[in-house]
$ cat model17.cif   # mmCIF, C-alpha atoms
data_input
loop_
_atom_site.label_atom_id
_atom_site.label_comp_id
_atom_site.auth_asym_id
_atom_site.auth_seq_id
_atom_site.Cartn_x
_atom_site.Cartn_y
_atom_site.Cartn_z
CA MET Q 91 110.01 98.86 78.75
CA THR Q 92 111.17 102.35 79.64
CA SER Q 93 111.85 103.20 83.25
CA THR Q 94 109.55 105.86 84.68
CA VAL Q 95 111.41 106.82 87.83
CA PRO Q 96 110.56 110.14 89.55
CA ALA Q 97 113.37 112.65 89.89
CA SER Q 98 112.91 112.46 93.67
CA LEU Q 99 114.53 109.03 93.62
CA THR Q 100 117.89 110.66 93.00
CA ARG Q 101 117.77 112.24 96.46
CA SER Q 102 119.12 110.69 99.64
CA ALA Q 103 116.93 108.16 101.44
CA GLU Q 104 117.74 109.74 104.80
CA GLY Q 105 114.66 110.30 106.94
CA SER Q 106 112.64 107.76 104.98
CA ALA Q 107 109.46 106.49 106.62
CA LEU Q 108 109.61 103.06 104.96
CA GLN Q 109 108.13 100.51 107.38
CA ALA Q 110 107.91 97.32 105.29
CA VAL Q 111 108.42 95.84 101.84
CA PHE Q 112 105.92 93.45 100.24
CA LEU Q 113 106.85 91.31 97.25
CA ASP Q 114 104.76 89.32 94.80
CA MET Q 115 106.08 85.86 93.96
CA ASP Q 116 105.38 84.52 90.45
CA GLY Q 117 107.04 86.66 87.80
CA THR Q 118 108.44 89.06 90.40
CA LEU Q 119 110.84 87.01 92.54
CA VAL Q 120 110.72 83.73 90.61
CA ASP Q 121 110.50 83.22 86.87
CA THR Q 122 107.39 81.03 86.99
CA GLU Q 123 104.67 82.91 85.09
CA GLY Q 124 105.56 80.77 82.08
CA PHE Q 125 105.26 77.66 84.25
CA TRP Q 126 101.62 78.49 84.98
CA TRP Q 127 100.80 78.97 81.31
CA ASP Q 128 102.58 75.75 80.38
CA ALA Q 129 100.62 73.91 83.07
CA GLU Q 130 97.35 75.35 81.76
CA VAL Q 131 98.22 74.42 78.17
CA GLU Q 132 99.13 70.85 79.17
CA VAL Q 133 96.06 70.28 81.35
CA PHE Q 134 93.67 71.57 78.70
CA ALA Q 135 95.43 69.51 76.03
CA ASP Q 136 94.71 66.45 78.17
CA LEU Q 137 91.08 67.57 78.20
CA GLY Q 138 91.07 67.85 74.41
CA HIS Q 139 91.32 71.63 74.12
CA ARG Q 140 93.94 73.97 72.71
CA LEU Q 141 94.51 77.31 74.42
CA ASP Q 142 94.83 80.46 72.33
CA GLU Q 143 98.08 82.32 73.02
CA SER Q 144 96.12 85.58 73.26
CA TRP Q 145 94.45 84.29 76.45
CA ARG Q 146 97.78 84.31 78.23
CA ASP Q 147 97.65 88.04 78.94
CA VAL Q 148 94.10 87.65 80.29
CA VAL Q 149 94.95 85.01 82.91
CA VAL Q 150 98.40 86.22 84.00
CA GLY Q 151 98.71 87.48 87.56
CA GLY Q 152 95.17 86.72 88.60
CA PRO Q 153 93.77 84.41 91.25
CA MET Q 154 93.41 80.74 90.33
CA THR Q 155 89.61 80.94 90.40
CA ARG Q 156 89.50 83.78 87.89
CA SER Q 157 92.10 82.33 85.53
CA ALA Q 158 90.72 78.79 85.61
CA GLY Q 159 87.14 80.02 85.32
CA TYR Q 160 88.00 82.10 82.28
CA LEU Q 161 89.69 79.16 80.54
CA ILE Q 162 86.76 76.83 81.24
CA GLU Q 163 84.37 79.36 79.73
CA ALA Q 164 86.66 80.10 76.76
CA THR Q 165 87.18 76.45 75.86
CA GLY Q 166 83.87 74.97 76.96
CA ALA Q 167 85.81 72.20 78.72
CA ASP Q 168 83.69 69.68 80.63
CA ILE Q 169 85.31 70.16 84.04
CA THR Q 170 84.39 71.95 87.26
CA LEU Q 171 86.40 74.80 88.67
CA ALA Q 172 87.32 72.73 91.73
CA GLU Q 173 88.54 69.81 89.59
CA LEU Q 174 90.56 72.08 87.32
CA THR Q 175 92.18 73.87 90.26
CA VAL Q 176 93.48 70.56 91.60
CA LEU Q 177 94.90 69.55 88.20
CA LEU Q 178 96.61 72.91 87.65
CA ASN Q 179 98.18 72.99 91.11
CA GLU Q 180 99.45 69.42 90.68
CA ARG Q 181 100.95 70.17 87.25
CA PHE Q 182 102.54 73.40 88.51
CA GLU Q 183 103.97 71.66 91.58
CA ASP Q 184 105.53 69.06 89.31
CA ARG Q 185 107.23 71.82 87.33
CA ILE Q 186 108.59 73.76 90.29
CA GLY Q 187 109.79 70.48 91.75
CA ARG Q 188 112.41 70.45 89.01
CA GLY Q 189 113.79 73.81 90.15
CA VAL Q 190 112.63 77.40 90.49
CA PRO Q 191 114.67 80.04 88.63
CA LEU Q 192 114.95 83.37 90.48
CA MET Q 193 114.45 86.63 88.60
CA PRO Q 194 117.61 88.71 88.05
CA GLY Q 195 118.34 90.77 91.16
CA ALA Q 196 115.93 88.85 93.42
CA ALA Q 197 118.52 87.08 95.60
CA ARG Q 198 120.54 90.27 96.03
CA LEU Q 199 117.49 92.35 96.99
CA LEU Q 200 116.21 89.81 99.52
CA ALA Q 201 119.65 89.57 101.11
CA GLU Q 202 119.91 93.36 101.36
CA LEU Q 203 116.49 93.72 102.98
CA ALA Q 204 117.37 90.99 105.49
CA ALA Q 205 120.76 92.52 106.26
CA HIS Q 206 119.07 95.83 107.15
CA ASN Q 207 116.25 94.18 109.12
CA VAL Q 208 113.53 95.55 106.85
CA PRO Q 209 110.23 93.77 107.61
CA THR Q 210 109.38 91.86 104.44
CA ALA Q 211 106.31 89.86 103.37
CA LEU Q 212 105.59 87.58 100.42
CA VAL Q 213 102.12 88.36 99.04
CA SER Q 214 100.89 86.02 96.30
CA ALA Q 215 97.67 84.94 94.58
CA SER Q 216 99.09 81.40 94.49
CA HIS Q 217 97.80 78.81 96.93
CA ARG Q 218 99.61 78.05 100.21
CA ARG Q 219 100.84 74.65 99.01
CA ILE Q 220 102.58 76.36 96.08
CA ILE Q 221 103.99 79.22 98.15
CA ASP Q 222 105.53 76.84 100.67
CA ARG Q 223 107.26 74.91 97.88
CA VAL Q 224 108.69 78.09 96.34
CA LEU Q 225 109.73 79.48 99.74
CA ALA Q 226 112.16 76.60 100.01
CA SER Q 227 114.02 78.11 97.04
CA LEU Q 228 113.65 81.76 98.05
CA GLY Q 229 114.64 81.15 101.66
CA PRO Q 230 111.79 81.42 104.19
CA GLN Q 231 114.09 83.32 106.54
CA HIS Q 232 113.79 86.34 104.23
CA PHE Q 233 110.11 86.84 105.05
CA ALA Q 234 108.43 87.82 108.30
CA LEU Q 235 105.15 86.48 106.90
CA SER Q 236 103.50 85.31 103.69
CA VAL Q 237 99.94 85.71 102.41
CA ALA Q 238 98.46 83.11 100.03
CA GLY Q 239 95.59 83.54 97.61
CA ASP Q 240 93.54 80.73 99.17
CA GLU Q 241 93.84 82.26 102.64
CA VAL Q 242 91.92 85.47 101.91
CA ALA Q 243 88.26 85.98 101.03
CA ARG Q 244 89.22 88.34 98.21
CA THR Q 245 92.63 88.11 96.59
CA LYS Q 246 94.24 90.38 93.98
CA PRO Q 247 93.13 92.72 92.38
CA HIS Q 248 91.37 93.48 95.68
CA PRO Q 249 93.52 95.24 98.31
CA ASP Q 250 92.85 92.62 101.01
CA PRO Q 251 96.14 90.64 100.73
CA TYR Q 252 98.25 93.78 101.12
CA LEU Q 253 96.10 95.16 103.92
CA ILE Q 254 96.46 91.81 105.73
CA ALA Q 255 100.25 91.90 105.24
CA ALA Q 256 100.47 95.46 106.59
CA ARG Q 257 98.33 94.57 109.58
CA GLY Q 258 100.42 91.47 110.22
CA LEU Q 259 103.60 93.54 110.35
CA GLY Q 260 102.01 96.43 112.25
CA ALA Q 261 102.75 98.78 109.36
CA ASP Q 262 100.88 101.68 107.78
CA PRO Q 263 100.12 100.70 104.14
CA ALA Q 264 101.10 104.21 103.03
CA ARG Q 265 104.59 103.53 104.41
CA CYS Q 266 104.95 100.18 102.65
CA ALA Q 267 106.61 99.58 99.28
CA VAL Q 268 105.23 96.84 97.03
CA ILE Q 269 106.98 95.16 94.11
CA GLU Q 270 104.66 93.59 91.51
CA ASP Q 271 104.92 92.32 87.93
CA THR Q 272 101.29 92.37 86.73
CA ALA Q 273 98.51 94.93 86.37
CA THR Q 274 96.35 92.82 88.68
CA GLY Q 275 98.93 92.94 91.46
CA VAL Q 276 99.63 96.62 90.95
CA ALA Q 277 95.89 97.36 91.23
CA ALA Q 278 95.71 95.45 94.52
CA ALA Q 279 98.69 97.25 96.03
CA GLU Q 280 97.55 100.69 94.93
CA ALA Q 281 94.03 100.05 96.24
CA ALA Q 282 95.61 99.20 99.60
CA GLY Q 283 97.34 102.59 99.60
CA CYS Q 284 100.89 101.27 99.19
CA ARG Q 285 103.64 102.73 97.02
CA VAL Q 286 104.23 100.46 94.05
CA VAL Q 287 107.22 99.48 91.94
CA ALA Q 288 106.08 97.64 88.80
CA VAL Q 289 108.50 95.23 87.13
CA PRO Q 290 106.45 93.96 84.14
CA SER Q 291 106.98 90.31 83.21
CA VAL Q 292 104.57 88.83 80.66
CA ALA Q 293 102.35 91.84 79.89
CA PRO Q 294 103.13 95.59 79.93
CA ILE Q 295 101.94 97.84 82.75
CA ALA Q 296 100.71 101.31 81.86
CA PRO Q 297 102.33 104.35 83.50
CA ALA Q 298 100.23 106.21 86.07
CA ASP Q 299 100.65 108.96 88.63
CA GLY Q 300 102.64 107.72 91.62
CA ARG Q 301 103.54 104.44 89.91
CA VAL Q 302 107.19 103.58 89.33
CA ILE Q 303 108.01 101.22 86.46
CA VAL Q 304 111.41 99.59 86.08
CA ARG Q 305 112.82 96.99 83.71
CA SER Q 306 114.28 94.62 86.31
CA LEU Q 307 114.79 94.03 90.02
CA GLU Q 308 118.42 94.83 89.32
CA GLU Q 309 117.31 98.49 89.30
CA VAL Q 310 115.82 98.19 92.79
CA ASP Q 311 117.70 98.40 96.10
CA LEU Q 312 116.95 99.58 99.62
CA VAL Q 313 117.86 103.21 98.93
CA PHE Q 314 115.51 103.16 95.94
CA LEU Q 315 112.66 101.76 98.05
CA ARG Q 316 113.24 104.14 100.94
CA THR Q 317 113.01 107.16 98.66
CA LEU Q 318 109.57 106.05 97.50
CA ILE Q 319 108.17 106.80 100.93
CA THR Q 320 108.12 110.43 101.92
CA THR Q 321 108.38 111.29 105.60
CA LEU Q 322 104.89 111.73 107.02
CA ASN Q 323 104.16 114.44 109.53
#

$ encode --input "model17.cif" --output "structure tokens"
Amino acid sequence: MTSTVPASLTRSAEGSALQAVFLDMDGTLVDTEGFWWDAEVEVFADLGHRLDESWRDVVVGGPMTRSAGYLIEATGADITLAELTVLLNERFEDRIGRGVPLMPGAARLLAELAAHNVPTALVSASHRRIIDRVLASLGPQHFALSVAGDEVARTKPHPDPYLIAARGLGADPARCAVIEDTATGVAAAEAAGCRVVAVPSVAPIAPADGRVIVRSLEEVDLVFLRTLITTLN
């Protein structure tokens, strides 16, 4: 993936209007997107179905209801959405219970944001029970709040989770920077009016006006994020 960083990012971050930073979880801060796919493969194998690898890009980054619903329809499995959701969450919890690997640069970025008292929120399509388990590895002290997929009426790709996070921190969405790894998450953040840094994990993310794409969180620091937000008059 080629970085598409505007020339303005080479300028000083002085006078930045950055009010908050919102981060996705799976695939952005923690290397767990593969965990979800493995859990889906294992659960459907138990049900007597084999998942096609091409479906992986379809289900990545979306809410549980959309991903699980798609796989039920694609396989014809005899299971309800509610039943499948329970099985997938249980299998995923078992996997993260063995350890959650952080993405390169994640620990350093979270520590820097905390050191400079930048209001930070974790915004994920995962359910609260999963988020709370992963927060134990990320360090809950790094986040002023977290928003889970099962706590909002409409999760990603709708803007609601990011609008809720901005409201919770008393921030203007236009002055918030979002870091996401999937097209679904990017769509949600952009619809909320936030400035977005895309760090693609499983599937590529297409360039677009106002969208910054980088290869890794190791390319992102506070100066970088501050320069995304222009001073508003």

$ residues_around --input "model17.cif" --residues "Glu309 in chain Q" --least-positions-apart "2" --cutoff "10 Å" --atoms "only C-alpha atoms" --output "ChimeraX atom specification"
/Q:93,194-195,199,289,304-307,311,314

$ closest_residue --input "model17.cif" --among "Q:Ala129, Q:Val237, Q:Ala172, Q:Leu137" --to "Met115 in chain Q" --atoms "only C-alpha atoms"
Q:Val237

$ resolve_selection --input "model17.cif" --expression "the PyMOL selection byres ((chain Q and resi 268-271) around 9)" --output "NGL selection string"
:Q and (110-118 or 151 or 252 or 266-267 or 272-276 or 279-280 or 284-295 or 307 or 315)

$ atom_distance --input "model17.cif" --atom1 "CA of Ala243 in chain Q" --atom2 "CA of Leu318 in chain Q"
29.5 Å

$ closest_residue --input "model17.cif" --among "Q:Leu171, Q:Ile254, Q:Ile186, Q:Ala204" --to "Asp222 in chain Q" --atoms "only C-alpha atoms"
Q:Ile186

$ resolve_selection --input "model17.cif" --expression "the PyMOL selection byres ((chain Q and resi 157) around 12)" --output "PyMOL selection string"
chain Q and resi 126-127+130+145-156+158-164+171+174-175+178+215-216+246+274

$ write_last_selection --input "model17.cif" --atoms "C-alpha atoms" --output "short mmCIF file (atom, residue, chain, number, x, y, z; two decimals), keeping the file's coordinate frame"
data_model
loop_
_atom_site.label_atom_id
_atom_site.label_comp_id
_atom_site.auth_asym_id
_atom_site.auth_seq_id
_atom_site.Cartn_x
_atom_site.Cartn_y
_atom_site.Cartn_z
CA TRP Q 126 101.62 78.49 84.98
CA TRP Q 127 100.80 78.97 81.31
CA GLU Q 130 97.35 75.35 81.76
CA TRP Q 145 94.45 84.29 76.45
CA ARG Q 146 97.78 84.31 78.23
CA ASP Q 147 97.65 88.04 78.94
CA VAL Q 148 94.10 87.65 80.29
CA VAL Q 149 94.95 85.01 82.91
CA VAL Q 150 98.40 86.22 84.00
CA GLY Q 151 98.71 87.48 87.56
CA GLY Q 152 95.17 86.72 88.60
CA PRO Q 153 93.77 84.41 91.25
CA MET Q 154 93.41 80.74 90.33
CA THR Q 155 89.61 80.94 90.40
CA ARG Q 156 89.50 83.78 87.89
CA ALA Q 158 90.72 78.79 85.61
CA GLY Q 159 87.14 80.02 85.32
CA TYR Q 160 88.00 82.10 82.28
CA LEU Q 161 89.69 79.16 80.54
CA ILE Q 162 86.76 76.83 81.24
CA GLU Q 163 84.37 79.36 79.73
CA ALA Q 164 86.66 80.10 76.76
CA LEU Q 171 86.40 74.80 88.67
CA LEU Q 174 90.56 72.08 87.32
CA THR Q 175 92.18 73.87 90.26
CA LEU Q 178 96.61 72.91 87.65
CA ALA Q 215 97.67 84.94 94.58
CA SER Q 216 99.09 81.40 94.49
CA LYS Q 246 94.24 90.38 93.98
CA THR Q 274 96.35 92.82 88.68
#

$ resolve_selection --input "model17.cif" --expression "the PyMOL selection byres ((chain Q and resi 217) around 6)" --output "PyMOL selection string"
chain Q and resi 216+218-220+238-240

$ residues_around --input "model17.cif" --residues "Ala211 in chain Q" --least-positions-apart "6" --cutoff "6 Å" --atoms "all atoms listed in the file" --output "list in words"
Phe112, Phe233, Ala234, Leu235 and Ser236 of chain Q

$ atom_distance --input "model17.cif" --atom1 "CA of Thr210 in chain Q" --atom2 "CA of Gly283 in chain Q"
16.8 Å

$ atom_distance --input "model17.cif" --atom1 "CA of Pro209 in chain Q" --atom2 "CA of Gln109 in chain Q"
7.1 Å
